[in-house]
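Enquirer: Supplied structure: structure_18.cif, mmCIF, C-alpha atoms and all ligand atoms.
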data_my_file
loop_
_atom_site.label_atom_id
_atom_site.label_comp_id
_atom_site.auth_asym_id
_atom_site.auth_seq_id
_atom_site.Cartn_x
_atom_site.Cartn_y
_atom_site.Cartn_z
CA MET B 1 0.00 0.00 0.00
CA LEU B 2 1.28 3.46 -0.89
CA ARG B 3 1.17 5.75 2.14
CA VAL B 4 -0.13 9.17 1.11
CA GLY B 5 -0.15 12.35 3.20
CA ILE B 6 -2.23 15.37 2.23
CA ASN B 7 -1.00 18.81 3.25
CA GLY B 8 -3.75 21.42 2.79
CA TYR B 9 -7.24 20.04 3.37
CA GLY B 10 -9.48 22.49 1.51
CA THR B 11 -11.43 22.29 -1.74
CA ILE B 12 -8.91 20.10 -3.57
CA GLY B 13 -7.22 18.39 -0.60
CA LYS B 14 -10.38 16.93 0.93
CA ARG B 15 -11.45 15.52 -2.43
CA VAL B 16 -8.02 14.01 -3.06
CA ALA B 17 -8.09 12.41 0.41
CA ASP B 18 -11.41 10.68 -0.33
CA ALA B 19 -10.20 9.59 -3.78
CA VAL B 20 -6.93 8.16 -2.39
CA ARG B 21 -8.85 6.24 0.26
CA ALA B 22 -10.99 4.68 -2.49
CA GLN B 23 -7.91 3.18 -4.23
CA PRO B 24 -6.99 -0.49 -3.70
CA ASP B 25 -3.26 0.28 -3.56
CA MET B 26 -3.19 3.43 -1.39
CA GLU B 27 -3.95 4.58 2.12
CA VAL B 28 -4.22 8.06 3.64
CA VAL B 29 -1.63 8.42 6.41
CA GLY B 30 -3.14 11.72 7.46
CA VAL B 31 -4.10 15.24 6.47
CA ALA B 32 -2.64 18.55 7.63
CA LYS B 33 -4.57 21.74 8.29
CA THR B 34 -3.86 25.22 9.59
CA ARG B 35 -7.24 25.88 11.22
CA PRO B 36 -9.82 23.92 13.25
CA ASN B 37 -12.74 24.73 10.94
CA PHE B 38 -15.61 22.56 9.64
CA GLU B 39 -13.25 20.74 7.29
CA ALA B 40 -10.99 19.83 10.23
CA GLU B 41 -14.05 18.47 12.07
CA GLN B 42 -14.95 16.42 9.01
CA ALA B 43 -11.42 15.04 8.68
CA VAL B 44 -11.69 13.71 12.23
CA GLU B 45 -15.22 12.45 11.57
CA LYS B 46 -13.87 10.49 8.60
CA ASP B 47 -11.01 9.02 10.66
CA PHE B 48 -8.25 10.81 8.81
CA PRO B 49 -5.43 11.42 11.33
CA LEU B 50 -5.22 15.22 11.54
CA TYR B 51 -1.88 17.03 11.74
CA ALA B 52 -1.25 20.69 12.47
CA ALA B 53 0.48 22.57 9.67
CA VAL B 54 1.58 25.51 11.82
CA GLU B 55 3.16 25.08 15.27
CA ASP B 56 1.68 28.19 16.90
CA ARG B 57 -1.88 27.25 15.86
CA VAL B 58 -1.85 23.97 17.78
CA GLU B 59 -3.64 25.55 20.72
CA LEU B 60 -6.53 26.62 18.45
CA PHE B 61 -7.19 22.94 17.78
CA ASP B 62 -6.94 22.22 21.54
CA GLU B 63 -9.43 25.00 22.27
CA ALA B 64 -11.84 23.62 19.65
CA GLY B 65 -11.54 20.16 21.23
CA ILE B 66 -10.08 18.65 18.05
CA GLU B 67 -7.46 15.99 18.70
CA LEU B 68 -4.25 16.19 16.66
CA ALA B 69 -2.07 13.28 15.58
CA GLY B 70 1.03 15.49 15.44
CA MET B 71 2.81 18.13 13.38
CA VAL B 72 2.98 18.21 9.59
CA GLU B 73 6.67 17.20 9.58
CA GLU B 74 5.71 13.86 11.16
CA LEU B 75 3.09 13.37 8.44
CA VAL B 76 5.64 14.09 5.73
CA GLU B 77 8.12 11.66 7.28
CA ALA B 78 5.52 8.89 7.49
CA SER B 79 4.36 9.33 3.87
CA ASP B 80 5.65 7.73 0.66
CA VAL B 81 4.19 10.69 -1.25
CA VAL B 82 2.71 14.00 -0.12
CA VAL B 83 -0.05 15.75 -2.04
CA ASP B 84 0.30 19.46 -1.33
CA ALA B 85 -3.06 21.18 -1.82
CA CYS B 86 -2.25 24.44 -0.05
CA PRO B 87 -3.20 27.84 -1.48
CA SER B 88 -1.11 29.00 -4.45
CA GLY B 89 2.50 29.77 -3.55
CA ILE B 90 2.54 27.91 -0.22
CA GLY B 91 3.39 24.64 -1.95
CA GLU B 92 6.65 26.04 -3.27
CA GLN B 93 7.51 27.23 0.26
CA ASN B 94 6.76 23.71 1.55
CA SER B 95 9.02 22.06 -1.03
CA GLU B 96 12.09 22.41 1.22
CA MET B 97 10.32 20.43 3.95
CA TYR B 98 9.52 17.63 1.50
CA ASP B 99 13.17 17.55 0.38
CA GLU B 100 14.31 17.44 3.99
CA TYR B 101 12.36 14.22 4.56
CA ASP B 102 13.14 12.87 1.10
CA THR B 103 9.43 12.56 0.34
CA PRO B 104 8.27 13.12 -3.25
CA ALA B 105 5.56 15.77 -3.49
CA LEU B 106 2.73 16.67 -5.83
CA TYR B 107 1.63 20.30 -6.14
CA GLN B 108 -1.45 21.93 -7.64
CA GLY B 109 -2.01 24.18 -10.62
CA GLY B 110 -1.76 27.45 -8.67
CA GLU B 111 1.95 26.82 -8.12
CA SER B 112 4.63 28.03 -10.49
CA ALA B 113 5.76 25.52 -13.13
CA ASP B 114 9.36 26.68 -12.65
CA PHE B 115 10.42 24.86 -9.47
CA VAL B 116 9.00 21.40 -10.30
CA ASP B 117 10.57 18.58 -12.31
CA THR B 118 7.50 18.35 -14.54
CA SER B 119 3.89 19.42 -14.91
CA PHE B 120 1.46 16.51 -15.20
CA ASN B 121 -1.65 15.33 -16.98
CA ALA B 122 -2.25 11.57 -16.83
CA ARG B 123 -3.57 11.18 -20.39
CA SER B 124 -0.82 13.32 -21.93
CA ASN B 125 2.54 12.89 -20.18
CA PHE B 126 2.22 10.32 -17.35
CA SER B 127 5.71 8.88 -17.70
CA ASP B 128 7.41 12.30 -17.42
CA ALA B 129 6.65 12.08 -13.69
CA ASN B 130 8.21 8.62 -13.18
CA GLY B 131 10.59 8.85 -10.24
CA ALA B 132 10.28 12.67 -10.02
CA ASP B 133 10.51 14.47 -6.65
CA HIS B 134 8.41 17.53 -7.44
CA VAL B 135 5.42 17.26 -9.79
CA ARG B 136 2.76 19.87 -10.51
CA VAL B 137 -0.70 18.57 -11.42
CA VAL B 138 -1.86 21.30 -13.81
CA SER B 139 -4.90 23.47 -13.07
CA CYS B 140 -8.52 22.58 -13.74
CA ASN B 141 -8.65 24.46 -17.06
CA THR B 142 -5.29 23.13 -18.26
CA THR B 143 -6.33 19.59 -17.31
CA GLY B 144 -9.54 20.05 -19.30
CA LEU B 145 -7.71 21.35 -22.38
CA SER B 146 -4.94 18.72 -22.20
CA ARG B 147 -7.42 15.84 -22.05
CA LEU B 148 -9.07 17.15 -25.20
CA VAL B 149 -5.91 18.01 -27.12
CA ALA B 150 -4.11 14.66 -26.46
CA PRO B 151 -6.40 12.42 -28.55
CA LEU B 152 -6.80 15.06 -31.29
CA ARG B 153 -3.02 15.33 -31.65
CA GLU B 154 -2.60 11.56 -31.77
CA GLU B 155 -5.40 10.95 -34.25
CA TYR B 156 -5.22 13.97 -36.59
CA GLY B 157 -2.34 16.26 -35.64
CA VAL B 158 -3.06 19.77 -34.38
CA GLU B 159 -2.04 22.92 -36.23
CA LYS B 160 -3.46 25.42 -33.74
CA VAL B 161 -5.80 25.66 -30.73
CA ARG B 162 -7.84 28.79 -30.01
CA THR B 163 -9.94 28.72 -26.84
CA THR B 164 -12.05 31.25 -24.98
CA LEU B 165 -12.43 30.31 -21.33
CA VAL B 166 -15.52 31.63 -19.56
CA ARG B 167 -14.38 31.18 -15.99
CA ARG B 168 -16.43 30.90 -12.83
CA GLY B 169 -15.76 33.86 -10.53
CA GLY B 170 -15.14 31.65 -7.47
CA ASP B 171 -15.92 28.28 -5.91
CA PRO B 172 -19.22 27.94 -4.01
CA ALA B 173 -17.45 28.36 -0.65
CA GLN B 174 -15.39 31.39 -1.71
CA THR B 175 -17.58 34.13 -0.25
CA GLY B 176 -14.99 36.81 -0.92
CA ARG B 177 -14.74 36.28 -4.69
CA GLY B 178 -16.53 38.02 -7.54
CA PRO B 179 -17.59 39.52 -9.89
CA ILE B 180 -21.08 39.83 -8.41
CA ASN B 181 -22.82 41.41 -11.38
CA ASP B 182 -20.39 41.83 -14.22
CA ILE B 183 -18.66 40.11 -17.15
CA VAL B 184 -14.96 40.78 -16.95
CA PRO B 185 -12.29 40.11 -19.58
CA ASN B 186 -9.71 38.51 -17.29
CA PRO B 187 -7.01 39.11 -18.15
CA VAL B 188 -7.92 41.80 -20.67
CA THR B 189 -4.61 41.22 -22.46
CA LEU B 190 -3.80 38.13 -24.50
CA PRO B 191 -2.92 35.41 -23.95
CA SER B 192 -4.48 34.35 -20.66
CA HIS B 193 -2.09 32.20 -18.60
CA HIS B 194 -3.90 29.04 -19.71
CA GLY B 195 -2.28 28.75 -23.16
CA PRO B 196 1.29 28.94 -21.82
CA ASP B 197 0.22 26.52 -19.08
CA VAL B 198 -1.00 23.93 -21.61
CA LYS B 199 2.45 24.24 -23.19
CA THR B 200 3.98 22.87 -19.97
CA ILE B 201 2.27 19.63 -21.07
CA PHE B 202 2.68 19.98 -24.87
CA PRO B 203 5.74 22.24 -25.37
CA ASP B 204 5.37 22.38 -29.17
CA LEU B 205 1.62 23.10 -29.25
CA ASP B 206 0.45 26.32 -30.94
CA ILE B 207 -2.30 27.61 -28.64
CA ASP B 208 -3.92 30.99 -27.93
CA THR B 209 -6.33 31.43 -25.02
CA LEU B 210 -8.57 34.29 -23.89
CA GLY B 211 -10.16 34.44 -20.44
CA LEU B 212 -13.27 36.03 -18.96
CA LYS B 213 -14.79 35.87 -15.49
CA VAL B 214 -18.52 35.67 -14.87
CA PRO B 215 -20.66 35.67 -11.69
CA ALA B 216 -21.02 31.88 -11.44
CA THR B 217 -19.61 29.21 -9.13
CA LEU B 218 -20.73 26.03 -10.87
CA MET B 219 -18.18 25.31 -13.61
CA HIS B 220 -15.90 26.85 -16.24
CA MET B 221 -17.04 26.84 -19.89
CA HIS B 222 -14.62 26.56 -22.82
CA SER B 223 -15.45 27.61 -26.38
CA VAL B 224 -12.86 25.64 -28.36
CA ASN B 225 -11.61 25.90 -31.95
CA VAL B 226 -8.88 23.46 -33.02
CA THR B 227 -7.36 23.63 -36.50
CA LEU B 228 -6.40 20.03 -37.28
CA ASP B 229 -3.91 18.58 -39.75
CA ALA B 230 -6.81 16.57 -41.25
CA GLU B 231 -10.44 17.10 -42.27
CA PRO B 232 -12.48 14.54 -40.29
CA ASP B 233 -16.25 14.80 -40.20
CA ALA B 234 -17.95 15.67 -36.93
CA ASP B 235 -19.20 12.11 -36.32
CA GLU B 236 -15.66 10.74 -36.50
CA VAL B 237 -14.42 13.30 -33.97
CA ARG B 238 -17.36 12.58 -31.73
CA GLU B 239 -16.59 8.85 -31.79
CA LEU B 240 -12.96 9.58 -30.94
CA LEU B 241 -13.91 11.76 -27.98
CA GLU B 242 -16.53 9.25 -26.77
CA GLY B 243 -13.74 6.66 -26.58
CA GLU B 244 -11.85 8.76 -24.00
CA SER B 245 -12.56 7.71 -20.41
CA ARG B 246 -12.30 11.22 -18.95
CA LEU B 247 -14.37 12.96 -21.59
CA PHE B 248 -18.13 12.77 -21.13
CA VAL B 249 -19.85 13.58 -24.42
CA ILE B 250 -23.31 14.73 -23.33
CA PRO B 251 -25.98 12.96 -25.38
CA GLU B 252 -28.56 15.28 -27.00
CA HIS B 253 -31.52 13.45 -25.43
CA PHE B 254 -30.24 14.28 -21.91
CA ASP B 255 -31.48 17.80 -22.64
CA ILE B 256 -28.67 19.29 -20.52
CA ASP B 257 -28.47 22.92 -21.60
CA GLY B 258 -25.84 24.28 -19.21
CA ALA B 259 -23.69 23.86 -16.13
CA GLY B 260 -26.71 24.01 -13.81
CA LYS B 261 -28.28 20.86 -15.25
CA LEU B 262 -24.90 19.14 -15.38
CA LYS B 263 -24.51 19.65 -11.64
CA GLU B 264 -28.09 18.51 -11.09
CA TYR B 265 -27.30 15.35 -13.08
CA ALA B 266 -24.18 14.75 -10.98
CA GLN B 267 -26.36 14.94 -7.85
CA ASP B 268 -28.96 12.62 -9.37
CA VAL B 269 -26.37 9.93 -10.14
CA GLY B 270 -25.05 10.22 -6.59
CA ARG B 271 -21.66 11.75 -7.26
CA PRO B 272 -19.92 12.77 -3.99
CA ARG B 273 -20.25 16.57 -3.52
CA ALA B 274 -21.92 16.62 -7.00
CA ASP B 275 -18.41 16.35 -8.44
CA ILE B 276 -17.86 15.87 -12.17
CA TRP B 277 -14.36 14.48 -12.72
CA GLU B 278 -14.77 14.33 -16.52
CA ASN B 279 -14.72 17.10 -19.13
CA CYS B 280 -18.32 17.59 -20.27
CA VAL B 281 -18.46 18.08 -24.05
CA TRP B 282 -21.79 18.94 -25.68
CA GLY B 283 -22.27 16.30 -28.38
CA GLU B 284 -24.21 18.56 -30.73
CA SER B 285 -21.60 21.31 -30.44
CA ILE B 286 -18.95 19.11 -32.09
CA THR B 287 -18.72 20.67 -35.56
CA THR B 288 -16.14 20.56 -38.32
CA GLU B 289 -15.63 23.07 -41.14
CA GLY B 290 -12.81 21.74 -43.32
CA ASP B 291 -9.86 21.31 -40.95
CA ASP B 292 -11.47 23.42 -38.19
CA LEU B 293 -13.11 21.71 -35.21
CA TYR B 294 -15.43 23.59 -32.85
CA LEU B 295 -17.02 22.53 -29.57
CA PHE B 296 -18.15 23.62 -26.11
CA GLN B 297 -16.97 21.87 -22.97
CA ALA B 298 -17.69 22.49 -19.29
CA ILE B 299 -15.05 21.83 -16.62
CA HIS B 300 -15.85 21.25 -12.95
CA GLN B 301 -13.07 23.27 -11.37
CA GLU B 302 -13.26 21.65 -7.93
CA SER B 303 -12.89 18.06 -9.05
CA ASP B 304 -11.41 17.37 -12.51
CA VAL B 305 -7.85 17.42 -11.09
CA VAL B 306 -8.69 14.82 -8.42
CA PRO B 307 -8.19 11.64 -10.51
CA GLU B 308 -5.07 13.28 -11.99
CA ASN B 309 -3.56 13.60 -8.49
CA VAL B 310 -4.26 9.91 -7.85
CA ASP B 311 -2.50 8.95 -11.09
CA ALA B 312 0.43 11.25 -10.32
CA ILE B 313 0.97 9.33 -7.06
CA ARG B 314 1.42 6.11 -9.07
CA ALA B 315 3.61 7.89 -11.61
CA VAL B 316 6.14 9.25 -9.09
CA THR B 317 6.33 5.90 -7.29
CA ASN B 318 6.61 3.94 -10.57
CA SER B 319 3.82 1.69 -9.34
CA ALA B 320 1.78 1.50 -12.56
CA ASP B 321 1.87 2.71 -16.15
CA ALA B 322 -0.56 5.31 -17.48
CA GLU B 323 -3.14 2.88 -18.83
CA GLU B 324 -3.25 0.71 -15.71
CA SER B 325 -3.32 3.69 -13.34
CA ILE B 326 -6.06 5.52 -15.22
CA ARG B 327 -8.16 2.33 -15.33
CA THR B 328 -7.70 1.65 -11.60
CA THR B 329 -8.47 5.26 -10.66
CA ASN B 330 -11.55 5.40 -12.88
CA GLU B 331 -12.93 2.11 -11.57
CA SER B 332 -12.29 2.96 -7.93
CA LEU B 333 -13.98 6.34 -8.21
CA GLY B 334 -16.86 5.07 -10.36
CA MET B 335 -16.15 7.33 -13.31
CA GLY B 336 -18.14 7.12 -16.51
CA ILE B 337 -21.51 8.84 -16.43
P1 LIG B 401 -8.50 26.13 -0.49
O1 LIG B 401 -8.27 27.48 0.04
O2 LIG B 401 -9.90 25.64 -0.67
O3 LIG B 401 -7.73 25.04 0.38
C1 LIG B 401 -6.42 25.24 0.83
C2 LIG B 401 -6.30 24.67 2.22
O4 LIG B 401 -4.95 24.77 2.66
C3 LIG B 401 -7.15 25.40 3.24
O5 LIG B 401 -7.79 24.44 4.06
C4 LIG B 401 -6.13 26.22 4.04
O6 LIG B 401 -6.55 26.42 5.37
C5 LIG B 401 -4.94 25.28 3.98
N1 LIG B 401 -3.64 25.94 4.23
C6 LIG B 401 -3.29 27.24 4.12
N2 LIG B 401 -1.99 27.40 4.42
C7 LIG B 401 -1.51 26.18 4.73
C8 LIG B 401 -0.23 25.69 5.13
N3 LIG B 401 0.82 26.50 5.27
N4 LIG B 401 -0.11 24.37 5.37
C9 LIG B 401 -1.15 23.51 5.24
N5 LIG B 401 -2.38 23.93 4.86
C10 LIG B 401 -2.56 25.24 4.61
O7 LIG B 401 -7.72 26.09 -1.90
P2 LIG B 401 -7.98 25.12 -3.11
O8 LIG B 401 -9.05 25.69 -3.97
O9 LIG B 401 -8.11 23.70 -2.65
O10 LIG B 401 -6.63 25.31 -3.94
C11 LIG B 401 -5.44 24.62 -3.59
C12 LIG B 401 -4.57 24.55 -4.82
O11 LIG B 401 -5.28 23.86 -5.86
C13 LIG B 401 -4.16 25.91 -5.43
O12 LIG B 401 -2.88 25.77 -6.02
C14 LIG B 401 -5.19 26.10 -6.52
O13 LIG B 401 -4.75 26.96 -7.54
C15 LIG B 401 -5.34 24.67 -7.02
N6 LIG B 401 -6.59 24.40 -7.72
C16 LIG B 401 -7.77 24.89 -7.26
C17 LIG B 401 -8.93 24.62 -7.98
C18 LIG B 401 -10.26 25.16 -7.54
O14 LIG B 401 -11.10 25.41 -8.38
N7 LIG B 401 -10.51 25.34 -6.28
C19 LIG B 401 -8.88 23.84 -9.14
C20 LIG B 401 -7.65 23.31 -9.54
C21 LIG B 401 -6.50 23.60 -8.84
#
Any chance you could give the structure as structure tokens?

Expert:
Amino acid sequence: MLRVGINGYGTIGKRVADAVRAQPDMEVVGVAKTRPNFEAEQAVEKDFPLYAAVEDRVELFDEAGIELAGMVEELVEASDVVVDACPSGIGEQNSEMYDEYDTPALYQGGESADFVDTSFNARSNFSDANGADHVRVVSCNTTGLSRLVAPLREEYGVEKVRTTLVRRGGDPAQTGRGPINDIVPNPVTLPSHHGPDVKTIFPDLDIDTLGLKVPATLMHMHSVNVTLDAEPDADEVRELLEGESRLFVIPEHFDIDGAGKLKEYAQDVGRPRADIWENCVWGESITTEGDDLYLFQAIHQESDVVPENVDAIRAVTNSADAEESIRTTNESLGMGI
């Protein structure tokens, strides 16, 4: 069993902890938190040993009556791999601690790509992370774009990707985020950071991205145009995308007209936290005009990186190849809606 520690138990960390626990070859050694909030209570409720991330906050846990298993350093020492899911920038600061205990670490998309050995997307570059010490699982949007680009490159070749990302203003729990009543080009200059980020996975890809922010918390929406090196018809592309385990091509008869119904569907099928780990591509949006492909896809920002973190754990420990890891992760989580 691979012993996995999770440092940072918020939106991403708590989901990764549940996903790791669901794997047949992994166990959660513990989770580390800075504050005794509702998520800390839940960690204890779920029997995840809880470690304090900051020494001088230990007494806050004592005051709240939450029992600690120790300090984060002990968690790192006891782990074969640490998943760092701290807010952007903290992961890089933590990297010295992981080195000190000789524990390989995974970071999230908010971290810089510069200090890690490789950025990671399971479908696209799994083996680049084999044996690495510092691996960055790319952001929700970059994960969504990489999963789509990988099969298109393999099957047809890609001349250029142009994508407009309509981004949710914040996650449901992020009370401080906005916009509240606006539609904001963000950033107003081109490219948004997403295109360069996708190039950490496909260095030779020609990609331009534009970003906006809207007052929504449900999902991101991508309007995608890919110029291919071939001229397939739309049905062929659709069949290709339907064959990808982390792409959900929404059938027309589902009558799902937006992110709201997608989340409702996720609740109906009993997904934990109404999570949607797959890219959601509208089947009828898949259109080709000569060598140009167009489509819309929705990305659930809080959860699409979760299976990728699980696969990255197997990649850094050399415990499975991409195909086997993706299959095990998908089956354990119950993917495929
Ligand atoms: P979050 O704020 O929901 O969770 C972060 C957690 O880390 C919180 O519980 C916070 O208390 C804790 N924390 C803060 N400082 C810490 C420290 N020094 N040690 C240990 N824990 C600490 O943030 P999040 O949304 O889960 O984002 C985490 C990372 O994942 C970021 O890099 C972010 O860019 C990336 N990411 C977020 C999303 C998303 O939509 N939320 C999607 C993909 C990637």

Enquirer: List as an mmCIF file with C-alpha atoms, in the coordinates of the input the protein and nucleic acid residues near stretch 213-230 of chain B, meaning an atom at most 9 Å away when all atoms listed in the file are counted, but skip any in the same chain fewer than 3 places from it.

Expert:
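Result file part04.cif:
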data_model
loop_
_atom_site.group_PDB
_atom_site.id
_atom_site.type_symbol
_atom_site.label_atom_id
_atom_site.label_comp_id
_atom_site.auth_asym_id
_atom_site.auth_seq_id
_atom_site.Cartn_x
_atom_site.Cartn_y
_atom_site.Cartn_z
ATOM 1 C CA CYS B 140 -8.520 22.580 -13.740
ATOM 2 C CA ASN B 141 -8.650 24.460 -17.060
ATOM 3 C CA GLY B 144 -9.540 20.050 -19.300
ATOM 4 C CA LEU B 145 -7.710 21.350 -22.380
ATOM 5 C CA VAL B 149 -5.910 18.010 -27.120
ATOM 6 C CA LEU B 152 -6.800 15.060 -31.290
ATOM 7 C CA ARG B 153 -3.020 15.330 -31.650
ATOM 8 C CA TYR B 156 -5.220 13.970 -36.590
ATOM 9 C CA GLY B 157 -2.340 16.260 -35.640
ATOM 10 C CA VAL B 158 -3.060 19.770 -34.380
ATOM 11 C CA GLU B 159 -2.040 22.920 -36.230
ATOM 12 C CA LYS B 160 -3.460 25.420 -33.740
ATOM 13 C CA VAL B 161 -5.800 25.660 -30.730
ATOM 14 C CA ARG B 162 -7.840 28.790 -30.010
ATOM 15 C CA THR B 163 -9.940 28.720 -26.840
ATOM 16 C CA THR B 164 -12.050 31.250 -24.980
ATOM 17 C CA LEU B 165 -12.430 30.310 -21.330
ATOM 18 C CA VAL B 166 -15.520 31.630 -19.560
ATOM 19 C CA ARG B 167 -14.380 31.180 -15.990
ATOM 20 C CA ARG B 168 -16.430 30.900 -12.830
ATOM 21 C CA GLY B 169 -15.760 33.860 -10.530
ATOM 22 C CA GLY B 170 -15.140 31.650 -7.470
ATOM 23 C CA ASP B 171 -15.920 28.280 -5.910
ATOM 24 C CA PRO B 172 -19.220 27.940 -4.010
ATOM 25 C CA ALA B 173 -17.450 28.360 -0.650
ATOM 26 C CA GLN B 174 -15.390 31.390 -1.710
ATOM 27 C CA GLY B 178 -16.530 38.020 -7.540
ATOM 28 C CA PRO B 179 -17.590 39.520 -9.890
ATOM 29 C CA ILE B 180 -21.080 39.830 -8.410
ATOM 30 C CA ASN B 181 -22.820 41.410 -11.380
ATOM 31 C CA ASP B 182 -20.390 41.830 -14.220
ATOM 32 C CA ILE B 183 -18.660 40.110 -17.150
ATOM 33 C CA VAL B 184 -14.960 40.780 -16.950
ATOM 34 C CA PRO B 185 -12.290 40.110 -19.580
ATOM 35 C CA ASN B 186 -9.710 38.510 -17.290
ATOM 36 C CA PRO B 187 -7.010 39.110 -18.150
ATOM 37 C CA ILE B 207 -2.300 27.610 -28.640
ATOM 38 C CA ALA B 259 -23.690 23.860 -16.130
ATOM 39 C CA GLY B 260 -26.710 24.010 -13.810
ATOM 40 C CA LYS B 263 -24.510 19.650 -11.640
ATOM 41 C CA GLY B 290 -12.810 21.740 -43.320
ATOM 42 C CA ASP B 291 -9.860 21.310 -40.950
ATOM 43 C CA ASP B 292 -11.470 23.420 -38.190
ATOM 44 C CA LEU B 293 -13.110 21.710 -35.210
ATOM 45 C CA TYR B 294 -15.430 23.590 -32.850
ATOM 46 C CA LEU B 295 -17.020 22.530 -29.570
ATOM 47 C CA PHE B 296 -18.150 23.620 -26.110
ATOM 48 C CA GLN B 297 -16.970 21.870 -22.970
ATOM 49 C CA ALA B 298 -17.690 22.490 -19.290
ATOM 50 C CA ILE B 299 -15.050 21.830 -16.620
ATOM 51 C CA HIS B 300 -15.850 21.250 -12.950
ATOM 52 C CA GLN B 301 -13.070 23.270 -11.370
ATOM 53 C CA GLU B 302 -13.260 21.650 -7.930
#

Enquirer: So, counting all atoms listed in the file, which residue among B:Glu41, B:Asp233, B:Asp268, B:Asp321 is closest to B:Glu67?

Expert: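 Going through B:Glu41, B:Asp233, B:Asp268, B:Asp321 one by one, the smallest distance to B:Glu67 is for B:Glu41.
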
Enquirer: Would you please work out which residue, of B:Met97, B:Ala312, B:Leu148, B:Met1, is nearest to B:Cys280 when using all atoms listed in the file?

Expert: B:Leu148

Enquirer: Return the single residue from B:Asp18, B:Glu239, B:Glu96, B:Glu231 that is closest to B:Arg273, with distances computed using only C-alpha atoms.

Expert: B:Asp18

Enquirer: Can you tell me, as a short mmCIF file (atom, residue, chain, number, x, y, z; two decimals) with C-alpha atoms, keeping the file's coordinate frame, what residues are no more than 9 Å from B:Asp128 when counting all atoms listed in the file, ignoring any on the same chain fewer than 6 positions away?

Expert:
data_model
loop_
_atom_site.label_atom_id
_atom_site.label_comp_id
_atom_site.auth_asym_id
_atom_site.auth_seq_id
_atom_site.Cartn_x
_atom_site.Cartn_y
_atom_site.Cartn_z
CA ASP B 117 10.57 18.58 -12.31
CA THR B 118 7.50 18.35 -14.54
CA SER B 119 3.89 19.42 -14.91
CA PHE B 120 1.46 16.51 -15.20
CA ALA B 315 3.61 7.89 -11.61
CA VAL B 316 6.14 9.25 -9.09
#

Enquirer: Compare B:Lys261, B:Lys46, B:His134, B:Arg147 by their minimum atom-to-atom distance to B:Ile201, counting only C-alpha atoms, and give me the closest one.

Expert: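 Nearest candidate to B:Ile201 out of B:Lys261, B:Lys46, B:His134, B:Arg147: B:Arg147.
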
Enquirer: Could you please determine the separation between atom CA of B:Pro191 and atom CA of B:Leu210 in Å, to one decimal place?

Expert: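 Spanning atom CA of B:Pro191 to atom CA of B:Leu210 is a straight-line distance of 5.8 Å.
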
Enquirer: Dump as a tab-separated table (two decimals) with C-alpha atoms, in the frame of the given file all residues having an atom at most 10 Å from (-23.5, 18.1, -30.4), computed in the file's coordinates with all atoms listed in the file.

Expert:
chain	number	residue	atom	x	y	z
B	234	ALA	CA	-17.95	15.67	-36.93
B	235	ASP	CA	-19.20	12.11	-36.32
B	238	ARG	CA	-17.36	12.58	-31.73
B	249	VAL	CA	-19.85	13.58	-24.42
B	250	ILE	CA	-23.31	14.73	-23.33
B	251	PRO	CA	-25.98	12.96	-25.38
B	252	GLU	CA	-28.56	15.28	-27.00
B	281	VAL	CA	-18.46	18.08	-24.05
B	282	TRP	CA	-21.79	18.94	-25.68
B	283	GLY	CA	-22.27	16.30	-28.38
B	284	GLU	CA	-24.21	18.56	-30.73
B	285	SER	CA	-21.60	21.31	-30.44
B	286	ILE	CA	-18.95	19.11	-32.09
B	287	THR	CA	-18.72	20.67	-35.56
B	295	LEU	CA	-17.02	22.53	-29.57
B	296	PHE	CA	-18.15	23.62	-26.11

Enquirer: Using all atoms listed in the file, which residue out of B:His194, B:Thr200, B:Ile276, B:Asp206 lies closest to B:Asp114?

Expert: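 The shortest atom-to-atom distance to B:Asp114 comes from B:Thr200.
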
Enquirer: Could you please determine the separation between atom CA of B:Val269 and atom CA of B:Phe254 in Å, to one decimal place?

Expert: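 About the pair atom CA of B:Val269 and atom CA of B:Phe254: they are 13.1 Å apart.
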
Enquirer: Starting from the point (3.6, 15.4, 3.9), work out which residues of protein, DNA or RNA have an atom no more than 6 Å away when counting only C-alpha atoms; state them as a PyMOL selection string.

Expert: chain B and resi 5+7+75-76+82

Enquirer: Would you output that residue set with C-alpha atoms, as a CSV table (one decimal), keeping the file's coordinate frame?

Expert:
chain,number,residue,atom,x,y,z
B,5,GLY,CA,-0.2,12.4,3.2
B,7,ASN,CA,-1.0,18.8,3.2
B,75,LEU,CA,3.1,13.4,8.4
B,76,VAL,CA,5.6,14.1,5.7
B,82,VAL,CA,2.7,14.0,-0.1

Enquirer: Could you state the separation of atom CA of B:Asp197 and atom CA of B:Tyr98 in Å, given to one decimal place?

Expert: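 One can read the atom CA of B:Asp197 to atom CA of B:Tyr98 distance as 24.3 Å.
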
Enquirer: Pick out the closest residue to B:Gly243 from this set: B:Asp25, B:Glu73, B:Thr142, B:Pro151. Count all atoms listed in the file.

Expert: B:Pro151

Enquirer: Let me have the centre and edge lengths of the axis-aligned box enclosing all listed atoms of stretch 193-209 of chain B with 3 Å padding on every side, in Å to one decimal, as JSON.

Expert:
{"center_x": -0.3, "center_y": 25.9, "center_z": -24.8, "size_x": 18.1, "size_y": 18.6, "size_z": 18.3}
